[in-house]
Amino acid sequence: MKESRLMLVQYATAVAAVALVSIHLVMQGVIYPYATAISYNNILSIYKNGFYAIFLEALLVVVLVHGFNGVRIILNEFRQTKPWAIWVDAGTVLAIIVTVAYGTRTVILAVFGGAPA
Amino acid sequence: MAVGEEKAKNRRGIRAWLSPYHYNAERWAYFFQRVTGVAILLYVLGHLGDTSFFVGGPTGTGPSPSAWAFIGSIFENSFGHLILILVVLVLFFHGVNGVRLILAELGVILRKPSAIEYPYKPKGLGFGQKVLIYAAVAIAVAAAVWAFLVLFEGMG
């Protein structure tokens, strides 16, 4: 992908992250007291609500794409050689895939997983 | 001087970030945008790890109250809450300063470039740039105070 497109991705995910993280923070410390927000039963009810599960998945993808693309930009500022850029880009894609997969696993297991252990 | 030597001399890498020599507010904002970005990403990776304990951790198969209680016993204390307050501080700075960067990218808060004159202040940087940088700091501090009240005083 062209660097200009990747910067657009960075700005688009930044705007989305500002909105999604704001909602996430409001849910943690404004709508409910913090102790209630992180209680097992409250989190389970959030995951079991399809809308919030999709919201958390969107938050996961947006934040990780923005974060790792940001690190890619920083690393490409340090050094501008073709092999370096290729390794950095490959590492960025791999890091996004692995971390999004791990986070998605948490969401899926929380929504569809078996009875509490 | 050969081209290679010239390049090597000018390539300061991370040292260029860490040297505050001749920094202005915009340069500090650039520095902190990157530092806070990396810090937030590290927190997010840790948060991915701790929230996975809601389903029993890396080897879990579904919601697990015992694994969640275990991870809570590690992080839900004064030290963990201080880390969260720091996260809120850097998160709000990064977010508001990031909005400034997007506005600058769109040209909204930039002036027309003009010839450089003594005392050589960058003329392209509009008043809005500085206001937003200071606003980012003020909002971040206010958010950290809010986080302190939520986490230590039970507000929310």
# chains A, B, ... in the order shown; residues from 1 in each chain; ligands from 1
>>> closest_atom_pairs(of="chain B", to="chain A", cutoff="10 Å", atoms="only C-alpha atoms", output="Markdown table")
| residue | atom | partner | partner_atom | distance |
| --- | --- | --- | --- | --- |
| B:Arg11 | CA | A:Phe78 | CA | 8.1 |
| B:Arg12 | CA | A:Phe78 | CA | 8.4 |
| B:Gly13 | CA | A:Phe78 | CA | 5.2 |
| B:Ile14 | CA | A:Phe78 | CA | 7.1 |
| B:Ala16 | CA | A:Phe78 | CA | 9.7 |
| B:Arg34 | CA | A:Ile74 | CA | 7.5 |
| B:Gly37 | CA | A:Gly67 | CA | 7.0 |
| B:Val38 | CA | A:Val71 | CA | 7.0 |
| B:Ala39 | CA | A:Gly67 | CA | 9.9 |
| B:Ile40 | CA | A:Gly67 | CA | 8.0 |
| B:Leu41 | CA | A:Gly67 | CA | 5.6 |
| B:Leu42 | CA | A:Gly67 | CA | 9.2 |
| B:Val44 | CA | A:Leu64 | CA | 8.0 |
| B:Leu45 | CA | A:Thr99 | CA | 7.8 |
| B:His47 | CA | A:Gly103 | CA | 9.7 |
| B:Leu48 | CA | A:Gly103 | CA | 6.1 |
| B:Gly49 | CA | A:Gly103 | CA | 8.4 |
| B:Thr51 | CA | A:Thr106 | CA | 7.6 |
| B:Ser52 | CA | A:Thr106 | CA | 5.4 |
| B:Phe53 | CA | A:Thr106 | CA | 8.4 |
| B:Phe54 | CA | A:Ala110 | CA | 7.4 |
| B:Val55 | CA | A:Ala110 | CA | 6.0 |
| B:Gly56 | CA | A:Ala117 | CA | 8.0 |
| B:Gly57 | CA | A:Thr106 | CA | 8.5 |
| B:Pro58 | CA | A:Tyr102 | CA | 8.5 |
| B:Gly60 | CA | A:Leu109 | CA | 8.4 |
| B:Thr61 | CA | A:Gly113 | CA | 6.1 |
| B:Gly62 | CA | A:Gly113 | CA | 4.0 |
| B:Pro63 | CA | A:Pro116 | CA | 5.0 |
| B:Ser64 | CA | A:Pro116 | CA | 4.9 |
| B:Pro65 | CA | A:Tyr40 | CA | 6.3 |
| B:Ser66 | CA | A:Ala117 | CA | 7.4 |
| B:Ala67 | CA | A:Ala117 | CA | 8.6 |
| B:Trp68 | CA | A:Tyr40 | CA | 7.1 |
| B:Ala69 | CA | A:Tyr40 | CA | 8.2 |
| B:Gly72 | CA | A:Ile38 | CA | 8.9 |
| B:Glu76 | CA | A:Ala35 | CA | 9.5 |
| B:Val88 | CA | A:Leu25 | CA | 9.1 |
| B:Leu91 | CA | A:Val21 | CA | 9.3 |
| B:Phe92 | CA | A:Val18 | CA | 9.1 |
| B:His94 | CA | A:Val18 | CA | 9.7 |
| B:Gly95 | CA | A:Val18 | CA | 6.3 |
| B:Val96 | CA | A:Val18 | CA | 8.6 |
| B:Gly98 | CA | A:Ala14 | CA | 7.4 |
| B:Val99 | CA | A:Val15 | CA | 7.7 |
| B:Leu101 | CA | A:Tyr11 | CA | 9.1 |
| B:Ile102 | CA | A:Tyr11 | CA | 6.7 |
| B:Glu105 | CA | A:Tyr11 | CA | 9.5 |
| B:Trp146 | CA | A:Gly29 | CA | 9.0 |
| B:Ala147 | CA | A:Gly29 | CA | 7.8 |
| B:Leu149 | CA | A:Gly29 | CA | 9.6 |
| B:Val150 | CA | A:Gly29 | CA | 6.2 |
| B:Leu151 | CA | A:Tyr34 | CA | 6.7 |
| B:Phe152 | CA | A:Tyr34 | CA | 9.8 |
| B:Gly154 | CA | A:Pro33 | CA | 6.7 |
| B:Met155 | CA | A:Pro33 | CA | 6.5 |
| B:Gly156 | CA | A:Val30 | CA | 4.5 |
>>> write_last_selection(atoms="C-alpha atoms", output="mmCIF file, in the first residue's frame")
data_model
loop_
_atom_site.group_PDB
_atom_site.id
_atom_site.type_symbol
_atom_site.label_atom_id
_atom_site.label_comp_id
_atom_site.auth_asym_id
_atom_site.auth_seq_id
_atom_site.Cartn_x
_atom_site.Cartn_y
_atom_site.Cartn_z
ATOM 1 C CA ARG B 11 21.750 10.350 10.836
ATOM 2 C CA ARG B 12 21.265 10.829 14.546
ATOM 3 C CA GLY B 13 18.411 8.335 14.958
ATOM 4 C CA ILE B 14 16.865 8.207 18.428
ATOM 5 C CA ALA B 16 17.701 13.352 17.667
ATOM 6 C CA ARG B 34 5.741 9.370 19.850
ATOM 7 C CA GLY B 37 2.104 6.429 21.508
ATOM 8 C CA VAL B 38 4.638 3.709 22.279
ATOM 9 C CA ALA B 39 3.664 3.746 25.981
ATOM 10 C CA ILE B 40 -0.032 3.373 25.119
ATOM 11 C CA LEU B 41 0.694 0.488 22.742
ATOM 12 C CA LEU B 42 2.662 -1.298 25.487
ATOM 13 C CA VAL B 44 -2.747 -2.073 25.255
ATOM 14 C CA LEU B 45 -0.665 -5.234 24.816
ATOM 15 C CA HIS B 47 -4.384 -5.030 28.694
ATOM 16 C CA LEU B 48 -4.950 -7.676 25.995
ATOM 17 C CA GLY B 49 -3.129 -10.095 28.268
ATOM 18 C CA THR B 51 -8.437 -9.151 29.859
ATOM 19 C CA SER B 52 -7.795 -12.606 28.378
ATOM 20 C CA PHE B 53 -7.938 -13.889 31.963
ATOM 21 C CA PHE B 54 -11.658 -13.176 31.835
ATOM 22 C CA VAL B 55 -11.826 -16.358 29.746
ATOM 23 C CA GLY B 56 -9.161 -18.209 31.748
ATOM 24 C CA GLY B 57 -5.986 -16.763 30.175
ATOM 25 C CA PRO B 58 -4.062 -18.122 27.165
ATOM 26 C CA GLY B 60 -8.828 -20.813 28.854
ATOM 27 C CA THR B 61 -11.980 -22.031 27.159
ATOM 28 C CA GLY B 62 -14.657 -19.669 28.438
ATOM 29 C CA PRO B 63 -15.638 -17.154 31.136
ATOM 30 C CA SER B 64 -13.777 -17.893 34.350
ATOM 31 C CA PRO B 65 -14.604 -16.037 37.593
ATOM 32 C CA SER B 66 -11.608 -17.599 39.365
ATOM 33 C CA ALA B 67 -9.067 -16.528 36.689
ATOM 34 C CA TRP B 68 -10.615 -13.023 36.664
ATOM 35 C CA ALA B 69 -10.366 -12.835 40.461
ATOM 36 C CA GLY B 72 -7.691 -8.708 39.760
ATOM 37 C CA GLU B 76 -6.356 -4.026 41.453
ATOM 38 C CA VAL B 88 -5.170 8.153 31.262
ATOM 39 C CA LEU B 91 -3.864 8.756 26.497
ATOM 40 C CA PHE B 92 -5.575 12.148 26.680
ATOM 41 C CA HIS B 94 -1.917 11.658 22.728
ATOM 42 C CA GLY B 95 -5.565 11.974 21.672
ATOM 43 C CA VAL B 96 -5.879 15.760 21.819
ATOM 44 C CA GLY B 98 -3.298 13.794 17.650
ATOM 45 C CA VAL B 99 -6.384 15.842 16.732
ATOM 46 C CA LEU B 101 -1.821 16.895 14.044
ATOM 47 C CA ILE B 102 -4.790 15.903 11.881
ATOM 48 C CA GLU B 105 -2.338 17.881 8.104
ATOM 49 C CA TRP B 146 -10.714 12.513 37.151
ATOM 50 C CA ALA B 147 -9.099 9.050 36.971
ATOM 51 C CA LEU B 149 -11.058 10.465 41.826
ATOM 52 C CA VAL B 150 -12.658 7.445 40.135
ATOM 53 C CA LEU B 151 -9.985 4.968 41.228
ATOM 54 C CA PHE B 152 -9.088 6.232 44.706
ATOM 55 C CA GLY B 154 -14.835 5.859 44.350
ATOM 56 C CA MET B 155 -16.393 8.553 42.142
ATOM 57 C CA GLY B 156 -18.122 7.605 38.931
#
>>> select_by_dssp(residues="segment 72-132 of chain B", states="alpha helix (DSSP H)", output="ChimeraX atom specification")
/B:72-75,78-105,127-132
